[in-house]
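A.B. asks: Next comes structure26.txt, compact mmCIF, C-alpha atoms and all ligand atoms:
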# COMPACT_ATOMS: atom_id res chain seq x y z
CA MET H 1 1.19 -31.51 -0.93
CA HIS H 2 1.42 -27.77 -1.61
CA LYS H 3 -0.80 -24.91 -0.51
CA ALA H 4 -1.18 -21.51 -2.19
CA GLY H 5 -3.67 -18.70 -2.41
CA PHE H 6 -4.51 -15.03 -2.54
CA VAL H 7 -4.81 -13.30 0.80
CA ASN H 8 -6.15 -9.81 0.27
CA ILE H 9 -5.93 -7.10 2.92
CA ILE H 10 -8.72 -4.53 2.89
CA GLY H 11 -10.01 -1.83 5.22
CA ASN H 12 -10.37 1.89 5.85
CA PRO H 13 -7.51 4.28 5.06
CA ASN H 14 -4.63 4.46 7.54
CA VAL H 15 -5.57 1.42 9.65
CA GLY H 16 -2.19 -0.30 9.07
CA LYS H 17 -2.73 -2.55 6.02
CA SER H 18 0.65 -1.78 4.49
CA THR H 19 2.40 -2.15 7.83
CA LEU H 20 0.94 -5.64 8.14
CA MET H 21 1.87 -6.67 4.63
CA ASN H 22 5.46 -5.53 5.15
CA ALA H 23 5.58 -7.39 8.46
CA PHE H 24 4.46 -10.62 6.74
CA VAL H 25 6.87 -10.22 3.85
CA GLY H 26 9.78 -8.93 5.92
CA GLU H 27 10.60 -6.20 3.37
CA LYS H 28 9.56 -2.56 2.98
CA LEU H 29 7.50 -3.25 -0.13
CA SER H 30 4.66 -0.85 0.58
CA ILE H 31 5.23 2.71 1.68
CA ILE H 32 3.81 3.67 5.07
CA THR H 33 3.00 7.16 6.33
CA SER H 34 0.73 8.69 8.93
CA LYS H 35 -1.48 10.14 6.17
CA ALA H 36 -4.60 8.52 4.70
CA GLN H 37 -4.50 7.30 1.07
CA THR H 38 -0.83 6.48 1.14
CA THR H 39 -1.36 3.31 -0.91
CA ARG H 40 -2.81 3.90 -4.37
CA HIS H 41 -2.22 0.55 -6.03
CA ARG H 42 -2.81 -3.10 -5.38
CA ILE H 43 0.64 -4.40 -4.47
CA LEU H 44 1.46 -8.08 -4.21
CA GLY H 45 3.80 -9.34 -1.53
CA ILE H 46 4.65 -13.02 -1.91
CA VAL H 47 5.76 -15.19 1.01
CA ASN H 48 7.21 -18.54 -0.03
CA GLY H 49 7.83 -21.68 1.98
CA ASP H 50 8.79 -25.21 0.91
CA ASP H 51 5.15 -26.30 0.82
CA PHE H 52 3.23 -23.01 0.63
CA GLN H 53 2.96 -19.71 -1.20
CA VAL H 54 0.97 -16.86 0.32
CA VAL H 55 0.19 -14.18 -2.25
CA LEU H 56 -0.70 -11.14 -0.17
CA SER H 57 -2.33 -8.05 -1.63
CA ASP H 58 -2.00 -4.67 -0.03
CA THR H 59 -4.78 -2.38 -1.27
CA PRO H 60 -5.78 1.29 -1.02
CA GLY H 61 -7.96 2.27 1.93
CA ILE H 62 -11.67 2.28 1.13
CA ILE H 63 -13.07 5.76 0.40
CA LYS H 64 -15.92 7.33 -1.55
CA PRO H 65 -14.14 8.42 -4.74
CA ALA H 66 -14.20 12.14 -5.57
CA TYR H 67 -12.07 12.05 -8.72
CA GLU H 68 -10.88 9.55 -11.33
CA LEU H 69 -7.70 8.53 -9.54
CA GLN H 70 -9.71 7.56 -6.48
CA SER H 71 -12.22 5.60 -8.60
CA SER H 72 -9.33 3.67 -10.01
CA MET H 73 -7.99 3.05 -6.51
CA MET H 74 -11.38 1.60 -5.56
CA ASP H 75 -11.28 -0.64 -8.64
CA PHE H 76 -8.12 -2.17 -7.19
CA VAL H 77 -10.06 -2.86 -3.98
CA LYS H 78 -12.90 -4.43 -5.97
CA SER H 79 -10.47 -6.69 -7.79
CA ALA H 80 -9.11 -7.80 -4.43
CA PHE H 81 -12.57 -9.02 -3.46
CA GLU H 82 -12.90 -10.96 -6.68
CA ASP H 83 -9.87 -13.24 -6.50
CA ALA H 84 -9.35 -13.65 -2.75
CA ASP H 85 -9.05 -17.09 -1.18
CA ILE H 86 -8.91 -15.46 2.24
CA LEU H 87 -10.00 -11.93 3.11
CA VAL H 88 -8.15 -10.01 5.78
CA TYR H 89 -10.36 -7.18 6.99
CA MET H 90 -8.40 -4.75 9.12
CA VAL H 91 -9.89 -2.20 11.49
CA GLU H 92 -8.11 -0.04 14.05
CA ILE H 93 -8.79 0.75 17.68
CA GLY H 94 -11.35 3.55 17.93
CA GLU H 95 -12.80 2.97 14.48
CA LYS H 96 -16.59 2.75 14.28
CA GLU H 97 -17.53 1.67 10.79
CA LEU H 98 -16.63 1.02 7.20
CA LYS H 99 -18.49 3.85 5.48
CA ASP H 100 -18.99 2.06 2.18
CA GLU H 101 -21.98 -0.19 2.77
CA ALA H 102 -21.55 -2.23 -0.42
CA PHE H 103 -18.00 -3.20 0.50
CA PHE H 104 -19.03 -3.91 4.08
CA ASN H 105 -21.81 -6.24 2.92
CA LYS H 106 -19.34 -8.09 0.74
CA ILE H 107 -17.27 -8.78 3.84
CA THR H 108 -20.15 -9.89 6.07
CA ASN H 109 -21.65 -12.07 3.32
CA SER H 110 -18.34 -13.52 2.23
CA LYS H 111 -18.29 -17.21 1.29
CA ILE H 112 -14.55 -17.43 1.85
CA PRO H 113 -12.75 -17.23 5.22
CA VAL H 114 -12.52 -13.74 6.71
CA LEU H 115 -9.93 -12.78 9.30
CA LEU H 116 -10.97 -9.67 11.22
CA LEU H 117 -7.91 -7.91 12.60
CA LEU H 118 -8.28 -5.19 15.21
CA ASN H 119 -5.01 -3.29 14.80
CA LYS H 120 -3.05 -0.78 16.90
CA ILE H 121 -3.91 -2.43 20.20
CA ASP H 122 -0.51 -1.25 21.51
CA GLY H 123 -2.17 2.12 22.06
CA SER H 124 -5.24 0.88 23.94
CA ASN H 125 -6.10 -0.17 27.49
CA GLN H 126 -7.87 -3.39 28.47
CA ASP H 127 -11.37 -1.86 28.77
CA GLN H 128 -11.18 -0.21 25.38
CA LEU H 129 -9.83 -3.39 23.82
CA GLU H 130 -12.67 -5.49 25.23
CA GLU H 131 -15.31 -2.99 24.14
CA GLN H 132 -13.85 -2.76 20.61
CA ALA H 133 -13.43 -6.51 20.33
CA ALA H 134 -17.10 -7.05 21.23
CA LEU H 135 -18.26 -4.33 18.82
CA TRP H 136 -16.37 -5.69 15.83
CA GLN H 137 -17.13 -9.34 16.48
CA SER H 138 -20.86 -8.48 16.53
CA LYS H 139 -20.54 -6.45 13.32
CA VAL H 140 -18.66 -9.18 11.42
CA PRO H 141 -19.88 -12.43 13.00
CA ASN H 142 -18.63 -14.56 10.09
CA ALA H 143 -15.00 -13.63 10.75
CA GLU H 144 -12.27 -15.07 12.93
CA PHE H 145 -11.10 -12.33 15.24
CA PHE H 146 -7.51 -11.35 16.16
CA PRO H 147 -6.41 -8.29 18.14
CA ILE H 148 -3.01 -7.30 16.73
CA SER H 149 -0.28 -4.71 16.61
CA ALA H 150 1.19 -4.73 13.11
CA LEU H 151 3.75 -2.18 14.23
CA GLU H 152 5.01 -4.10 17.24
CA GLY H 153 4.44 -7.55 15.79
CA PHE H 154 1.89 -8.63 18.38
CA ASN H 155 -0.13 -11.65 17.09
CA VAL H 156 1.29 -11.21 13.58
CA LYS H 157 2.88 -14.67 13.58
CA GLU H 158 -0.36 -16.22 14.90
CA VAL H 159 -2.38 -14.63 12.09
CA PHE H 160 0.16 -15.83 9.53
CA ASN H 161 0.00 -19.39 10.88
CA ARG H 162 -3.79 -19.31 10.63
CA ILE H 163 -3.51 -18.10 7.03
CA ILE H 164 -1.30 -21.08 6.20
CA GLU H 165 -3.86 -23.43 7.76
CA LEU H 166 -6.68 -21.90 5.72
CA LEU H 167 -4.82 -21.84 2.38
CA PRO H 168 -6.30 -24.15 -0.25
CA ASP H 169 -4.28 -26.98 -1.78
CA SER H 170 -2.77 -25.55 -4.93
CA PRO H 171 0.48 -25.35 -6.85
CA PRO H 172 2.27 -21.97 -6.58
CA PHE H 173 0.99 -19.09 -8.72
CA TYR H 174 4.38 -17.37 -9.07
CA PRO H 175 8.00 -18.55 -9.24
CA LYS H 176 9.19 -19.43 -5.75
CA ASP H 177 11.88 -16.74 -5.69
CA GLN H 178 9.48 -13.93 -6.65
CA LEU H 179 8.67 -11.31 -4.02
CA THR H 180 6.19 -9.01 -5.77
CA ASP H 181 4.40 -8.32 -9.03
CA LYS H 182 5.74 -4.77 -9.38
CA PRO H 183 8.84 -3.72 -11.34
CA GLU H 184 11.83 -1.96 -9.74
CA ARG H 185 10.78 1.46 -11.02
CA PHE H 186 7.50 1.21 -9.14
CA PHE H 187 9.35 1.07 -5.83
CA VAL H 188 11.43 4.10 -6.80
CA ASN H 189 8.24 6.06 -7.56
CA GLU H 190 6.70 4.99 -4.30
CA LYS H 191 9.72 5.84 -2.17
CA ILE H 192 9.80 9.36 -3.60
CA ARG H 193 6.05 9.72 -3.05
CA GLU H 194 6.51 8.58 0.56
CA LYS H 195 8.89 11.48 1.18
CA ILE H 196 6.42 13.87 -0.42
CA LEU H 197 3.61 12.58 1.80
CA MET H 198 5.87 13.08 4.81
CA HIS H 199 7.10 16.59 4.05
CA TYR H 200 4.31 18.47 2.28
CA LYS H 201 0.99 19.59 3.66
CA LYS H 202 -2.66 19.50 2.73
CA GLU H 203 -3.47 18.78 -0.91
CA ILE H 204 0.11 18.69 -2.25
CA PRO H 205 0.85 14.95 -1.79
CA TYR H 206 -2.50 14.06 -3.31
CA ALA H 207 -1.75 16.12 -6.42
CA VAL H 208 1.58 14.34 -6.96
CA GLU H 209 2.47 11.40 -9.15
CA VAL H 210 6.00 10.15 -9.66
CA ASP H 211 7.33 8.52 -12.80
CA THR H 212 10.80 7.04 -13.07
CA GLU H 213 11.91 7.62 -16.63
CA GLU H 214 15.35 6.13 -16.39
CA PHE H 215 16.64 3.20 -14.38
CA HIS H 216 20.05 2.01 -15.38
CA GLU H 217 21.91 -0.55 -13.31
CA ASP H 218 25.70 -0.88 -13.50
CA ASP H 219 27.93 -3.22 -11.50
CA ASN H 220 28.15 -0.94 -8.50
CA ILE H 221 25.64 1.88 -9.04
CA ILE H 222 22.06 2.37 -10.18
CA ARG H 223 21.38 5.63 -11.99
CA MET H 224 17.81 6.83 -12.02
CA ARG H 225 15.90 9.87 -13.15
CA SER H 226 12.40 10.50 -11.87
CA VAL H 227 9.87 13.20 -12.56
CA ILE H 228 7.54 14.50 -9.88
CA MET H 229 4.33 15.53 -11.53
CA VAL H 230 1.95 18.07 -10.03
CA GLU H 231 -1.38 19.35 -11.25
CA ARG H 232 -0.68 23.09 -11.23
CA GLU H 233 2.18 25.60 -11.57
CA THR H 234 1.82 26.86 -7.97
CA GLN H 235 2.32 23.31 -6.69
CA LYS H 236 5.53 23.03 -8.66
CA GLY H 237 7.02 25.97 -6.76
CA ILE H 238 6.00 24.47 -3.43
CA ILE H 239 7.60 21.13 -4.25
CA ILE H 240 10.87 22.77 -5.26
CA GLY H 241 10.90 25.15 -2.28
CA HIS H 242 13.20 28.09 -1.51
CA LYS H 243 16.43 27.68 -3.50
CA GLY H 244 15.44 24.09 -4.21
CA ALA H 245 15.86 23.04 -0.59
CA ALA H 246 12.57 21.15 -0.25
CA LEU H 247 13.14 19.09 -3.39
CA LYS H 248 16.71 18.39 -2.36
CA ARG H 249 15.54 16.96 0.95
CA VAL H 250 13.14 14.62 -0.85
CA GLY H 251 15.96 13.47 -3.10
CA VAL H 252 18.46 12.87 -0.30
CA GLU H 253 16.01 10.94 1.88
CA ALA H 254 14.62 8.87 -0.99
CA ARG H 255 18.11 7.99 -2.16
CA LYS H 256 19.16 6.78 1.28
CA ASP H 257 16.12 4.48 1.52
CA LEU H 258 16.59 3.24 -2.04
CA GLU H 259 20.22 2.37 -1.33
CA LYS H 260 19.00 0.09 1.44
CA PHE H 261 16.19 -1.33 -0.67
CA PHE H 262 18.39 -2.17 -3.68
CA ASP H 263 21.53 -2.73 -1.60
CA LYS H 264 23.55 -0.64 -4.05
CA GLN H 265 24.82 2.87 -4.49
CA ILE H 266 22.21 5.11 -6.12
CA HIS H 267 22.38 8.23 -8.20
CA LEU H 268 18.95 9.87 -8.22
CA GLU H 269 18.06 12.84 -10.35
CA LEU H 270 14.72 14.52 -9.62
CA TYR H 271 12.81 17.16 -11.51
CA VAL H 272 9.31 18.60 -11.31
CA LYS H 273 6.81 19.02 -14.10
CA VAL H 274 3.21 20.22 -14.37
CA ASN H 275 0.88 17.61 -15.80
CA LYS H 276 -2.38 19.51 -15.74
CA ASN H 277 -5.19 17.71 -13.88
CA TRP H 278 -3.53 14.33 -14.40
CA ARG H 279 -5.57 12.68 -11.68
CA SER H 280 -8.81 13.30 -13.57
CA ASN H 281 -7.41 12.31 -16.94
CA GLN H 282 -8.11 8.72 -18.02
CA LYS H 283 -5.22 8.59 -20.46
CA GLN H 284 -2.68 9.86 -17.95
CA LEU H 285 -3.98 7.51 -15.27
CA LYS H 286 -3.59 4.56 -17.58
CA ARG H 287 -0.04 5.60 -18.32
CA PHE H 288 0.74 5.54 -14.58
CA GLY H 289 -0.70 2.06 -14.10
CA TYR H 290 -4.18 2.97 -12.85
CA ASN H 291 -7.51 2.29 -14.52
CA GLN H 292 -6.97 -1.38 -15.11
CA LYS H 293 -10.60 -2.44 -15.13
N1 LIG S 1 0.42 2.48 17.13
C1 LIG S 1 0.35 1.77 16.01
N2 LIG S 1 0.45 2.39 14.82
C2 LIG S 1 0.38 1.64 13.70
C3 LIG S 1 0.19 0.23 13.75
N3 LIG S 1 0.16 -0.22 12.48
C4 LIG S 1 0.30 0.85 11.68
N4 LIG S 1 0.45 1.98 12.40
C5 LIG S 1 0.65 3.36 11.92
O1 LIG S 1 -0.52 3.78 11.24
C6 LIG S 1 -0.17 4.65 10.15
C7 LIG S 1 -0.77 4.10 8.86
O2 LIG S 1 -0.14 2.87 8.55
P1 LIG S 1 -0.22 2.24 7.08
O3 LIG S 1 0.34 0.87 7.15
O4 LIG S 1 0.35 3.19 6.09
O5 LIG S 1 -1.80 2.18 6.90
P2 LIG S 1 -2.65 1.77 5.59
O6 LIG S 1 -3.88 1.09 6.06
O7 LIG S 1 -1.80 1.02 4.64
O8 LIG S 1 -3.01 3.21 5.02
P3 LIG S 1 -3.49 3.62 3.49
O9 LIG S 1 -2.52 3.03 2.53
O10 LIG S 1 -3.43 5.11 3.52
O11 LIG S 1 -4.88 3.10 3.35
C8 LIG S 1 1.34 4.73 10.14
O12 LIG S 1 1.73 5.89 10.82
C9 LIG S 1 1.76 3.46 10.89
O13 LIG S 1 3.02 3.57 11.52
C10 LIG S 1 0.12 -0.41 15.03
O14 LIG S 1 -0.03 -1.60 15.19
N5 LIG S 1 0.18 0.43 16.12
MG MG S 2 -1.26 1.47 2.73
As structure tokens, how would this structure be written, given the file I've shared?
Ligand SMILES: Nc1nc2c(ncn2[C@@H]2O[C@H](COP(=O)(O)OP(=O)(O)OP(=O)(O)O)[C@@H](O)[C@H]2O)c(=O)[nH]1
Ligand SMILES: [Mg+2]
C.D. replies:
Amino acid sequence: MHKAGFVNIIGNPNVGKSTLMNAFVGEKLSIITSKAQTTRHRILGIVNGDDFQVVLSDTPGIIKPAYELQSSMMDFVKSAFEDADILVYMVEIGEKELKDEAFFNKITNSKIPVLLLLNKIDGSNQDQLEEQAALWQSKVPNAEFFPISALEGFNVKEVFNRIIELLPDSPPFYPKDQLTDKPERFFVNEKIREKILMHYKKEIPYAVEVDTEEFHEDDNIIRMRSVIMVERETQKGIIIGHKGAALKRVGVEARKDLEKFFDKQIHLELYVKVNKNWRSNQKQLKRFGYNQK
């Protein structure tokens, strides 16, 4: 007997979806920052056991799209509704609603099991927790409810055990030693973007895309070259910073994380290029792995 299935994590931006996926997988697959719209792709994280395979999907936070990139992000969310065996709907303490009514109706009318996770309870008191628990259980009565802290690991194991119980009987979908669906370069791009989200303000991180053009692995070193693309010339100057200091910081920090991730010495070369209005350009988006309708 073997169990396997797709367990897709959905919810508003910044509620902790990526933190939960990484906690389940035990690896820093998805980048995590305090900013909304950190995740732009659907990223698989696969947890294998002798008699089970949980194929998790981390997805972008649900928003009303304002430009093509965001529409494509929402297409990833849609696809996660289509193939799920179990839906994990995550909300956070203090949150009132999922603004997109169509998505919300899909959750409340779901024919498959829904786990409703109220996250970030480490920052709440008992009264607030009880009030929020009652609110969300009444909003999503078809779901099984768990208060959790993805960050501190509270109830994470319990949710995972419940997922295993609910998984359908099925052979594995992926080889048992596979951890994700994404290639190595994807994680390089993401790690660099994480540093940009952390260190630049306002619109800058949202105007950035990273593309790793070279990834060459030797016995004891991986050499990579990545381009940071921005939408306009002024943004290029901001990314580089005074005497290149800002860009250097991104490079140093990304390299340190990537050395841990790949467990190897890394040589990372970074440069910045203007790719005018890339996030509204279908062709460019396709090239970066979006728009996969
Ligand atoms: N206090 C607390 N913070 C948390 C918890 N889980 C996640 N966070 C924080 O919430 C922020 C957002 O976490 P993410 O995991 O990136 O959230 P997300 O839902 O993937 O966000 P998007 O990809 O932007 O939709 C980060 O600063 C996390 O450290 C938690 O259980 N408790
Ligand atoms: Mg995320």
A.B. asks: Go through H:Thr39, H:Gln284, H:Asn48, H:Gln128 one by one, measure the shortest atom-to-atom distance of each to Lys191 of chain H using all atoms listed in the file, and give the residue with the smallest value.
C.D. replies: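 For Lys191 of chain H, the nearest of the candidates is H:Thr39.
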A.B. asks: Pick out the closest residue to Ser71 of chain H from this set: H:Arg232, H:Asp85, H:Arg40, H:Asn142. Count all atoms listed in the file.
C.D. replies: H:Arg40
A.B. asks: As a quick test: using all atoms listed in the file, which residues lie no more than 9 Å away from ligand MG 2 (chain S)? Give them as a ChimeraX atom specification.
C.D. replies: /H:13-19,21,30-33,36-41,58-61
A.B. asks: As a list in words, please: the residues near Ile86 of chain H (cut-off 9 Å, all atoms listed in the file, same-chain neighbours under 6 positions excluded).
C.D. replies: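 Surrounding residues, per the criterion: Gly5, Phe6, Val7, Asn8, Ile9, Ile112, Pro113, Val114, Leu115, Ile163, Leu166 and Leu167 of chain H.
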A.B. asks: Report, in Å with one decimal, the straight-line distance from atom CA of Lys243 of chain H to atom CA of Glu259 of chain H.
C.D. replies: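 Calculated distance between atom CA of Lys243 of chain H and atom CA of Glu259 of chain H is 25.7 Å.
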A.B. asks: Go through H:Asn155, H:Asn119, H:Ser138, H:Thr108 and flag the residue nearest Asn12 of chain H, using only C-alpha atoms for the distances.
C.D. replies: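 Result for the nearest residue to Asn12 of chain H: H:Asn119.
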A.B. asks: Using all atoms listed in the file, can you tell me which of H:Gly123, H:Gly251, H:Pro65, H:Gly49 comes closest to ligand LIG 1 (chain S)?
C.D. replies: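 Closest candidate: H:Gly123.
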A.B. asks: Can you work out the spacing between atom CA of Val274 of chain H and atom CA of Val188 of chain H in Å, to one decimal?
C.D. replies: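 Rounded to one decimal, the two atoms are 19.6 Å apart.
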